[in-house]
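*Asks:* Handing you a structure now.
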Amino acid sequence: MDGRAHLDVTSEEHSEKVRRLDPLGLDEDLGSLPKMNENGDVAALARVLREALPPHERIASFTLPECLAAMRDLGMYVGSLKRHGVSAFDIVPGATELFELLGRRTRMIPRDTVYHYTCWNPVGERERLYSGQPMERSLIHAVRTCVPELAKAVTVGRSLQYEDLRTPEGAAGMASLASHITAADKAMSGVLADVTPEFFALVLRPYFEEVRIAGRTYMGPAAAHIPLFLIDLLLWASDRGSRDYLAFCDEVASHTLPGWRERHAEWTEMPSITSRVVAALGNCRDSRTPSGEHARSSARGLRRALRSLTAFRGKHLVMARRAYHAEVRLYERGSGGGSVELLEEILTLTRRNGAMVGGR
């Protein structure tokens with residue numbers, strides 16, 4: 001199975017194919033999941049998970065979409081059990097080996113990710129939910145609608161890796177990249193309007209706890225794992241980021257899609273677009289030349305992208321400060337592994353790099 005050819009969250013057709021599937025016949029059981037969680041019924045959660053585990057030979061015959069749907073559905077029970085203080089991998093025989101097999105088939109970590117919980121989650125009555133509450137649906141919807149645009153930004157970013165930013169193609173690429181990035185700020189505005197920090201901190205956050213599988217720790221399906229970290233690397237962080245943020249990106253990269261792990265490895269070692277734009281502007285002393293105009297156009301695209309990221313980061317920080325306030329929080333760190341202090345640092349660095357090309 002070639003995950004690189006098919007794991008595409010930009011394709012609504014592909015995502016819908018996964019959403020329609022119920023390879024383990026769990027639709028009815030998952031409809032009862034919020035009630036089980038409300039009752040803290042660990043025995044029932046463990047029983048459903050144990051009985052749902054298919055034989056290895058069956059997993060071997062699954063298509064890629066079926067593997068993704070199976071991991072999505074089994075993962076809901078892993079997160080639910082962990083929320084009630086129990087690791088599925090300690091109490092359900094065979095779970096470790098089965099989840100590792102699904103991870104190998106999809107070339108992803110051996111548990112569910114943010115993509116399973118959002119992009120590949122059915123819409124409507126079949127939606128897989130921990131709490132069943134409208135705010136949970138709103139959060140899933142915000143991420144589900146945002147990720148495809150960010151995925152397109154990553155695709156455009158790849159085309160810009162070696163593009164001269166003093167050319168029409170470079171300037172057009174920067175404008176396209178900026179247009180896709182605005183989706184993150186729009187989604188965060190929706191979250192602030194529809195989801196209270198208290199709901200996230202006290203109701204939903206406990207379902208995103210990390211688990212240990214075969215001696216290694218894997219984080220839950222956190223929204224922090226969407227490809228914004230990749231876009232940051234591309235735009236500024238590869239050579240202008242802090243040590244703490246680059247370490248965070250390394251950890252998040254392991255929880256993302258196979259192709260995006262490749263982008264992470266490439267972009268970490270490349271000069272950022274901010275550095276390239278600054279160099280391009282410096283090399284075009286006469287802005288009246290075609291190359292000078294295209295360099296300035298690339299700079300405008302970069303400013304627009306960084307302004308969108310700054311707006312998103314500011315709103316995210318507002319939400320995080322409230323959710324992780326000492327009087328509210330259940331955890332010191334966010335579900336993606338970052339702290340409020342790290343978010344503050346990322347916002348500061350994004351603003352600082354915007355200022356390098358004239359944006360504030």
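FYI, nothing fancy with the structure tokens labels: chains A, B, ... in order, residues from 1 per chain, ligands from 1 as they appear.
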From the DSSP assignment of the backbone, select every residue of region 79-290 of chain A that is helix (DSSP H, G or I), and format the answer as number ranges by chain.
*Replies:* A: 79-83, 88-91, 95-106, 114-117, 134-159, 168-194, 197-208, 223-225, 228-240, 243-253, 258-268, 273-283, 290
*Asks:* Name all residues at most 8 Å from Leu24 (chain A) (count only C-alpha atoms; drop same-chain ones fewer than 6 positions away) and give them as a PDB file with all heavy atoms, in the first residue's frame.
*Replies:*
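Here's the written file selection_12.pdb:
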ATOM      1  N   ALA A  52     -14.378  -5.441  19.049  1.00  0.00           N
ATOM      2  CA  ALA A  52     -14.263  -4.832  17.714  1.00  0.00           C
ATOM      3  C   ALA A  52     -12.934  -5.146  17.039  1.00  0.00           C
ATOM      4  O   ALA A  52     -12.815  -4.992  15.811  1.00  0.00           O
ATOM      5  CB  ALA A  52     -14.432  -3.318  17.819  1.00  0.00           C
ATOM      6  N   PRO A  54     -10.406  -6.644  14.927  1.00  0.00           N
ATOM      7  CA  PRO A  54     -10.507  -7.682  13.894  1.00  0.00           C
ATOM      8  C   PRO A  54      -9.249  -8.545  13.856  1.00  0.00           C
ATOM      9  O   PRO A  54      -8.189  -8.133  14.342  1.00  0.00           O
ATOM     10  CB  PRO A  54     -10.643  -6.864  12.609  1.00  0.00           C
ATOM     11  CG  PRO A  54      -9.877  -5.608  12.895  1.00  0.00           C
ATOM     12  CD  PRO A  54     -10.052  -5.330  14.366  1.00  0.00           C
ATOM     13  N   ALA A  70     -11.057   2.305  10.210  1.00  0.00           N
ATOM     14  CA  ALA A  70     -10.931   1.410  11.361  1.00  0.00           C
ATOM     15  C   ALA A  70     -10.145   2.083  12.481  1.00  0.00           C
ATOM     16  O   ALA A  70     -10.541   2.024  13.658  1.00  0.00           O
ATOM     17  CB  ALA A  70     -10.252   0.105  10.935  1.00  0.00           C
TER      18      ALA A  70
END
*Asks:* Kindly provide the residues of region 24-89 of chain A that approach region 219-235 of chain A to within 12 Å, each paired with its closest atom pair and their distance in Å to one decimal, based on only C-alpha atoms, listed by chain and increasing number, as a Markdown table.
*Replies:*
| residue | atom | partner | partner_atom | distance |
| --- | --- | --- | --- | --- |
| A:Met71 | CA | A:Pro221 | CA | 11.7 |
| A:Arg72 | CA | A:Pro221 | CA | 10.0 |
| A:Gly75 | CA | A:Gly220 | CA | 9.1 |
| A:Met76 | CA | A:Pro221 | CA | 9.8 |
| A:Tyr77 | CA | A:Gly220 | CA | 11.8 |
| A:Val78 | CA | A:Gly220 | CA | 9.3 |
| A:Gly79 | CA | A:Gly220 | CA | 7.2 |
| A:Ser80 | CA | A:Gly220 | CA | 10.8 |
| A:Lys82 | CA | A:Gly220 | CA | 9.9 |
| A:Arg83 | CA | A:Gly220 | CA | 10.8 |
*Asks:* Next, write the just-selected residues to a file, as a PDB file, in the first residue's frame, keeping N, CA and C atoms as the atom set.
*Replies:*
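New file part_7.pdb:
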ATOM      1  N   MET A  71      -9.043   2.750  12.140  1.00  0.00           N
ATOM      2  CA  MET A  71      -8.250   3.449  13.161  1.00  0.00           C
ATOM      3  C   MET A  71      -9.059   4.580  13.779  1.00  0.00           C
ATOM      4  N   ARG A  72      -9.815   5.284  12.959  1.00  0.00           N
ATOM      5  CA  ARG A  72     -10.684   6.363  13.460  1.00  0.00           C
ATOM      6  C   ARG A  72     -11.636   5.841  14.532  1.00  0.00           C
ATOM      7  N   GLY A  75      -9.899   4.307  17.652  1.00  0.00           N
ATOM      8  CA  GLY A  75      -9.254   5.370  18.411  1.00  0.00           C
ATOM      9  C   GLY A  75     -10.195   6.109  19.332  1.00  0.00           C
ATOM     10  N   MET A  76     -11.485   6.170  18.983  1.00  0.00           N
ATOM     11  CA  MET A  76     -12.446   6.833  19.858  1.00  0.00           C
ATOM     12  C   MET A  76     -12.534   6.127  21.210  1.00  0.00           C
ATOM     13  N   TYR A  77     -12.344   4.822  21.212  1.00  0.00           N
ATOM     14  CA  TYR A  77     -12.383   4.076  22.473  1.00  0.00           C
ATOM     15  C   TYR A  77     -11.068   4.206  23.237  1.00  0.00           C
ATOM     16  N   VAL A  78      -9.973   4.320  22.511  1.00  0.00           N
ATOM     17  CA  VAL A  78      -8.682   4.558  23.176  1.00  0.00           C
ATOM     18  C   VAL A  78      -8.728   5.880  23.933  1.00  0.00           C
ATOM     19  N   GLY A  79      -9.199   6.947  23.260  1.00  0.00           N
ATOM     20  CA  GLY A  79      -9.283   8.251  23.909  1.00  0.00           C
ATOM     21  C   GLY A  79     -10.262   8.267  25.054  1.00  0.00           C
ATOM     22  N   SER A  80     -11.377   7.549  24.900  1.00  0.00           N
ATOM     23  CA  SER A  80     -12.390   7.512  25.956  1.00  0.00           C
ATOM     24  C   SER A  80     -11.872   6.785  27.190  1.00  0.00           C
ATOM     25  N   LYS A  82      -8.765   6.406  28.068  1.00  0.00           N
ATOM     26  CA  LYS A  82      -7.707   7.211  28.688  1.00  0.00           C
ATOM     27  C   LYS A  82      -8.301   8.369  29.482  1.00  0.00           C
ATOM     28  N   ARG A  83      -9.398   8.947  29.000  1.00  0.00           N
ATOM     29  CA  ARG A  83     -10.055  10.024  29.726  1.00  0.00           C
ATOM     30  C   ARG A  83     -10.509   9.548  31.101  1.00  0.00           C
TER      31      ARG A  83
END
*Asks:* What lies within 9 Å of Ser238 (chain A) using only C-alpha atoms, ignoring chain neighbours under 4 positions off, as a short mmCIF file (atom, residue, chain, number, x, y, z; two decimals) with N, CA, C and O atoms, in the first residue's frame?
*Replies:*
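The file below, result_25.cif, is the result:
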data_model
loop_
_atom_site.label_atom_id
_atom_site.label_comp_id
_atom_site.auth_asym_id
_atom_site.auth_seq_id
_atom_site.Cartn_x
_atom_site.Cartn_y
_atom_site.Cartn_z
N ASP A 232 4.73 27.40 9.11
CA ASP A 232 5.67 28.23 9.87
C ASP A 232 7.11 27.94 9.45
O ASP A 232 7.92 28.85 9.25
N LEU A 233 7.45 26.65 9.35
CA LEU A 233 8.81 26.27 8.94
C LEU A 233 9.14 26.87 7.59
O LEU A 233 10.23 27.42 7.38
N LEU A 234 8.22 26.75 6.65
CA LEU A 234 8.44 27.26 5.31
C LEU A 234 8.62 28.77 5.31
O LEU A 234 9.53 29.30 4.68
N LEU A 246 11.31 24.66 17.31
CA LEU A 246 11.78 23.65 16.36
C LEU A 246 11.68 22.25 16.96
O LEU A 246 11.34 21.29 16.25
N TRP A 267 12.10 21.01 4.76
CA TRP A 267 12.00 22.44 5.07
C TRP A 267 12.79 22.83 6.31
O TRP A 267 13.19 23.98 6.45
N THR A 268 13.02 21.89 7.21
CA THR A 268 13.84 22.20 8.37
C THR A 268 15.25 22.59 7.94
O THR A 268 15.91 23.39 8.61
N GLU A 269 15.70 22.04 6.82
CA GLU A 269 17.07 22.26 6.36
C GLU A 269 17.19 23.36 5.32
O GLU A 269 18.29 23.63 4.82
N MET A 270 16.09 24.02 4.99
CA MET A 270 16.13 25.03 3.93
C MET A 270 15.98 26.44 4.50
O MET A 270 15.38 26.61 5.56
N PRO A 271 16.52 27.44 3.81
CA PRO A 271 16.28 28.82 4.25
C PRO A 271 14.80 29.15 4.15
O PRO A 271 14.12 28.71 3.22
N SER A 272 14.31 29.91 5.09
CA SER A 272 12.89 30.26 5.11
C SER A 272 12.57 31.24 3.98
O SER A 272 13.45 31.92 3.43
#
*Asks:* With a distance cut-off of 8 Å and only C-alpha atoms, select the neighbouring residues of region 151-158 of chain A, excluding the residue or stretch itself and same-chain residues fewer than 2 positions from it, and output the selection as a list in words.
*Replies:*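 Listed by chain and then number, they are Val9, Thr10, Val147, Pro148, Glu149, Leu160, Gln161, Gly173, Ser176, Leu177, Ala178, His180, Ile181, Pro227, Leu230, Ile231, Leu234 and Arg263 of chain A.
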*Asks:* Could you please take those selected residues and save C-alpha atoms as a CSV table (one decimal), in the first residue's frame?
*Replies:*
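again_34.csv was written with the following content:
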chain,number,residue,atom,x,y,z
A,9,VAL,CA,-6.7,15.6,2.9
A,10,THR,CA,-7.1,18.2,0.1
A,147,VAL,CA,-7.2,21.5,7.0
A,148,PRO,CA,-7.9,21.2,3.2
A,149,GLU,CA,-6.9,24.8,2.6
A,160,LEU,CA,8.1,27.5,-4.1
A,161,GLN,CA,11.0,25.6,-2.6
A,173,GLY,CA,3.0,31.5,-5.8
A,176,SER,CA,-1.7,31.8,-3.7
A,177,LEU,CA,0.0,30.6,-0.5
A,178,ALA,CA,-1.3,33.6,1.4
A,180,HIS,CA,-4.9,29.5,1.5
A,181,ILE,CA,-3.4,30.4,4.9
A,227,PRO,CA,0.0,21.6,9.1
A,230,LEU,CA,4.9,23.1,8.4
A,231,ILE,CA,3.8,26.5,7.1
A,234,LEU,CA,8.4,27.3,5.3
A,263,ARG,CA,8.2,18.2,3.9
*Asks:* What is the distance, in Å and to one decimal place, between CA of Ala46 (chain A) and CA of Ser87 (chain A)?
*Replies:*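 Separating CA of Ala46 (chain A) from CA of Ser87 (chain A) is a distance of 9.8 Å.
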*Asks:* Measuring atom to atom with only C-alpha atoms, identify which of A:Ser179, A:Glu344, A:Glu266, A:Tyr245 is nearest to Arg304 (chain A).
*Replies:*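 Closest to Arg304 (chain A), using only C-alpha atoms: A:Ser179.
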*Asks:* Could you tell me how far CA of Gly31 (chain A) lies from CA of Leu68 (chain A), in Å and to one decimal?
*Replies:*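 Pair CA of Gly31 (chain A) / CA of Leu68 (chain A) returns 18.9 Å.
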*Asks:* If I take CA of Tyr218 (chain A) and CA of Gly103 (chain A), how far is one from the other in Å, to one decimal?
*Replies:* 12.0 Å
*Asks:* Pull the strand (DSSP E or B) assignments for region 161-297 of chain A out of DSSP run on the backbone, and list those residues as JSON, numbers by chain.
*Replies:* {"A": [211, 212, 213, 216, 217, 218]}
*Asks:* Identify, on the basis of only C-alpha atoms, every residue whose closest approach to Leu192 (chain A) does not exceed 8 Å; exclude the query and any residue fewer than 4 positions from it along the same chain; express the result as a list in words.
*Replies:* Met188, Thr196, Lys315 and Met319 of chain A
*Asks:* Got time to write the residues from that selection, N, CA, C and O atoms, as a PDB file, in the first residue's frame?
*Replies:*
ATOM      1  N   MET A 188     -10.374  29.810  13.423  1.00  0.00           N
ATOM      2  CA  MET A 188     -10.187  30.169  14.825  1.00  0.00           C
ATOM      3  C   MET A 188     -11.246  31.166  15.269  1.00  0.00           C
ATOM      4  O   MET A 188     -11.698  31.114  16.424  1.00  0.00           O
ATOM      5  N   THR A 196     -16.554  27.418  24.108  1.00  0.00           N
ATOM      6  CA  THR A 196     -16.020  28.124  25.272  1.00  0.00           C
ATOM      7  C   THR A 196     -14.713  27.486  25.721  1.00  0.00           C
ATOM      8  O   THR A 196     -14.544  26.262  25.603  1.00  0.00           O
ATOM      9  N   LYS A 315      -5.661  34.948  18.352  1.00  0.00           N
ATOM     10  CA  LYS A 315      -6.936  34.370  18.806  1.00  0.00           C
ATOM     11  C   LYS A 315      -6.717  33.045  19.523  1.00  0.00           C
ATOM     12  O   LYS A 315      -7.375  32.748  20.533  1.00  0.00           O
ATOM     13  N   MET A 319      -7.718  31.962  23.506  1.00  0.00           N
ATOM     14  CA  MET A 319      -8.418  30.729  23.884  1.00  0.00           C
ATOM     15  C   MET A 319      -7.580  29.912  24.859  1.00  0.00           C
ATOM     16  O   MET A 319      -8.075  29.414  25.873  1.00  0.00           O
TER      17      MET A 319
END
*Asks:* Quick one: residues within 9 Å of Phe199 (chain A), only C-alpha atoms counted, chain neighbours fewer than 4 positions away excluded, as a compact mmCIF listing (two decimals) with C-alpha atoms, in the first residue's frame?
*Replies:*
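Okay, this is what ended up in selection.txt:
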# COMPACT_ATOMS: atom_id res chain seq x y z
CA MET A 135 -19.45 22.53 20.92
CA GLU A 136 -17.56 19.35 20.07
CA VAL A 195 -16.65 26.89 21.74
CA VAL A 203 -14.89 18.40 28.81
CA LEU A 204 -12.93 17.77 25.62
CA ARG A 205 -9.26 18.12 26.52
CA ALA A 323 -8.52 27.21 28.87
*Asks:* Considering only C-alpha atoms, can you say which of A:Val143, A:Leu81, A:Cys284, A:Ala279 comes closest to Val114 (chain A)?
*Replies:*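 Of A:Val143, A:Leu81, A:Cys284, A:Ala279, the one nearest Val114 (chain A) is A:Val143, counting only C-alpha atoms.
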